[in-house]
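Peer 1: Encoded as structure tokens, here's the structure I'll be asking about.
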Amino acid sequence: MSDMQNWVAMGYIKGVFGVRGWVKVQPSTEYIDSLLDYPEWRLVKDKDVQIVEVEAGKIAGDELQVKFSHIHDRDDAALLRGYTIEISRDSFAETEEDEYYWTDLVGMQVVNREGAQLGKVTKLMETGAHDVLVIRGESGDILIPFVSHYIDDVNKETKIITADWGLDY
């Protein structure tokens, strides 16, 4: 894989499990086992970068446990604690219409129907009922529910989200 690819952080290694080289993973994905859809991960910590191949994975309670093909004992697995797990954006599945990856929305400009700049998406929050855009603008942070009632358009080419949202909300 090329270093020029767009890598997306999707979790981190939080510890080890057992004596045969398994690690405990804290994913930052919607479903705990989503990372297992990707057979190759990039691990990053400080300036160290490793490409690893997932040999096996399983869910144990509310935890994801993973075995890499080149790690065979607890000591080697322990060296991976604290590494960020990145996945190549190129390997993501195509989305359906009106479906978006959070990573694609972060950084987009948000304007209202009148064309006024509301700011830029800095992150998203999951609230249970729906996702919420966190937008940083001139007047501070704005929270807009990411639902069709408030979001008119998401243009991936221009990187602009149009929302039914007033400056005084």
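Residues in the structure tokens are numbered from 1 in each chain, the chains being A, B, ... in the order shown, and ligands are numbered from 1 in the order shown.
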Residues at most 9 Å from segment 89-91 of chain A, counting only C-alpha atoms, excluding those fewer than 5 positions away in the same chain, as a list in words?
Peer 2: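 Result of the neighbour search: Gln5, Asn6, Trp7, Val8 and Tyr38 of chain A.
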Peer 1: Per residue of segment 3-52 of chain A within 12 Å of segment 122-134 of chain A, which atom pair is closest and at what distance in Å (one decimal), using only C-alpha atoms, listed by chain and increasing number, as JSON lines?
Peer 2:
```
{"residue": "A:Ser28", "atom": "CA", "partner": "A:Glu126", "partner_atom": "CA", "distance": 11.6}
{"residue": "A:Thr29", "atom": "CA", "partner": "A:Glu126", "partner_atom": "CA", "distance": 11.2}
{"residue": "A:Glu30", "atom": "CA", "partner": "A:Glu126", "partner_atom": "CA", "distance": 9.4}
```
Peer 1: Need to verify the contact set: Glu63 of chain A, 10 Å, only C-alpha atoms, exclusion of same-chain residues closer than 6 positions in sequence. Can you return it as a ChimeraX atom specification?
Peer 2: /A:24-27,32-33
Peer 1: For Tyr100 of chain A, which residue among A:Val147, A:Asp164, A:Ala9, A:Ile51 is the nearest when counting only C-alpha atoms?
Peer 2: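 Among the listed residues, the smallest separation from Tyr100 of chain A belongs to A:Val147.
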Peer 1: Can you list, as a ChimeraX atom specification, every residue of chain A that DSSP puts in strand (DSSP E)?
Peer 2: /A:7-17,22-27,40-45,48-60,63-68,84-88,109-112,117-126,131-137,140-145,151-155,160-163
Peer 1: Please save C-alpha atoms of the selected residues as a JSON list (two decimals), in the first residue's frame.
Peer 2:
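Result written to out_20.json:
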```json
[["chain", "number", "residue", "atom", "x", "y", "z"],
["A", 7, "TRP", "CA", -5.55, 6.57, 6.17],
["A", 8, "VAL", "CA", -8.38, 6.79, 8.67],
["A", 9, "ALA", "CA", -7.89, 6.14, 12.40],
["A", 10, "MET", "CA", -10.45, 3.56, 13.50],
["A", 11, "GLY", "CA", -9.33, 2.47, 16.96],
["A", 12, "TYR", "CA", -6.32, 1.54, 19.03],
["A", 13, "ILE", "CA", -4.68, -1.44, 20.70],
["A", 14, "LYS", "CA", -5.41, -1.26, 24.41],
["A", 15, "GLY", "CA", -3.72, -4.38, 25.73],
["A", 16, "VAL", "CA", -2.98, -8.08, 25.34],
["A", 17, "PHE", "CA", -5.06, -11.20, 25.81],
["A", 22, "TRP", "CA", -3.72, -11.83, 20.82],
["A", 23, "VAL", "CA", -4.40, -8.12, 21.45],
["A", 24, "LYS", "CA", -7.40, -6.26, 22.83],
["A", 25, "VAL", "CA", -8.69, -3.58, 20.48],
["A", 26, "GLN", "CA", -10.78, -0.51, 21.25],
["A", 27, "PRO", "CA", -12.53, 0.22, 17.94],
["A", 40, "GLU", "CA", -4.76, -5.38, 6.52],
["A", 41, "TRP", "CA", -4.24, -2.63, 9.09],
["A", 42, "ARG", "CA", -1.69, 0.09, 9.48],
["A", 43, "LEU", "CA", -0.48, 0.52, 13.06],
["A", 44, "VAL", "CA", 0.98, 3.91, 14.00],
["A", 45, "LYS", "CA", 2.65, 5.11, 17.18],
["A", 48, "ASP", "CA", 6.72, 3.94, 13.95],
["A", 49, "VAL", "CA", 4.43, 2.57, 11.23],
["A", 50, "GLN", "CA", 3.69, -1.13, 10.70],
["A", 51, "ILE", "CA", 1.46, -2.88, 8.21],
["A", 52, "VAL", "CA", -0.10, -5.96, 9.80],
["A", 53, "GLU", "CA", -2.29, -8.77, 8.53],
["A", 54, "VAL", "CA", -5.24, -9.89, 10.64],
["A", 55, "GLU", "CA", -5.12, -13.65, 11.12],
["A", 56, "ALA", "CA", -8.19, -13.99, 13.36],
["A", 57, "GLY", "CA", -10.58, -11.93, 15.41],
["A", 58, "LYS", "CA", -13.45, -12.42, 17.81],
["A", 59, "ILE", "CA", -15.80, -10.56, 20.10],
["A", 60, "ALA", "CA", -15.54, -11.43, 23.78],
["A", 63, "GLU", "CA", -14.35, -6.31, 23.57],
["A", 64, "LEU", "CA", -12.68, -7.06, 20.23],
["A", 65, "GLN", "CA", -9.74, -9.46, 20.36],
["A", 66, "VAL", "CA", -7.42, -9.81, 17.37],
["A", 67, "LYS", "CA", -4.52, -12.06, 16.35],
["A", 68, "PHE", "CA", -2.00, -10.79, 13.80],
["A", 84, "THR", "CA", -3.47, 3.58, 16.58],
["A", 85, "ILE", "CA", -5.23, 1.37, 14.03],
["A", 86, "GLU", "CA", -5.63, 2.96, 10.62],
["A", 87, "ILE", "CA", -7.49, 1.65, 7.59],
["A", 88, "SER", "CA", -6.98, 2.84, 4.02],
["A", 109, "GLN", "CA", -18.17, 23.59, 5.13],
["A", 110, "VAL", "CA", -21.76, 24.07, 6.30],
["A", 111, "VAL", "CA", -24.00, 26.78, 4.87],
["A", 112, "ASN", "CA", -27.67, 27.50, 5.46],
["A", 117, "GLN", "CA", -21.51, 30.30, 6.36],
["A", 118, "LEU", "CA", -22.21, 28.38, 9.58],
["A", 119, "GLY", "CA", -18.72, 26.92, 9.87],
["A", 120, "LYS", "CA", -16.82, 23.69, 9.35],
["A", 121, "VAL", "CA", -17.67, 20.20, 10.65],
["A", 122, "THR", "CA", -15.09, 19.33, 13.32],
["A", 123, "LYS", "CA", -16.60, 16.03, 14.46],
["A", 124, "LEU", "CA", -19.81, 14.08, 14.85],
["A", 125, "MET", "CA", -21.51, 12.79, 17.98],
["A", 126, "GLU", "CA", -23.72, 9.77, 18.37],
["A", 131, "ASP", "CA", -25.94, 11.59, 14.79],
["A", 132, "VAL", "CA", -25.15, 15.26, 15.40],
["A", 133, "LEU", "CA", -22.76, 17.46, 13.41],
["A", 134, "VAL", "CA", -20.45, 19.60, 15.55],
["A", 135, "ILE", "CA", -19.71, 22.73, 13.53],
["A", 136, "ARG", "CA", -17.13, 25.32, 14.53],
["A", 137, "GLY", "CA", -17.94, 28.79, 13.23],
["A", 140, "GLY", "CA", -18.52, 29.15, 18.43],
["A", 141, "ASP", "CA", -19.76, 25.59, 18.14],
["A", 142, "ILE", "CA", -23.12, 24.75, 16.59],
["A", 143, "LEU", "CA", -24.80, 21.36, 16.95],
["A", 144, "ILE", "CA", -27.05, 20.28, 14.08],
["A", 145, "PRO", "CA", -28.84, 16.92, 14.03],
["A", 151, "ILE", "CA", -29.84, 18.62, 6.23],
["A", 152, "ASP", "CA", -30.86, 19.57, 2.70],
["A", 153, "ASP", "CA", -27.77, 18.45, 0.78],
["A", 154, "VAL", "CA", -24.33, 16.91, 1.21],
["A", 155, "ASN", "CA", -22.15, 17.63, -1.81],
["A", 160, "ILE", "CA", -20.41, 21.70, 1.26],
["A", 161, "ILE", "CA", -23.35, 20.70, 3.45],
["A", 162, "THR", "CA", -26.50, 22.78, 3.11],
["A", 163, "ALA", "CA", -28.68, 22.90, 6.22]]
```
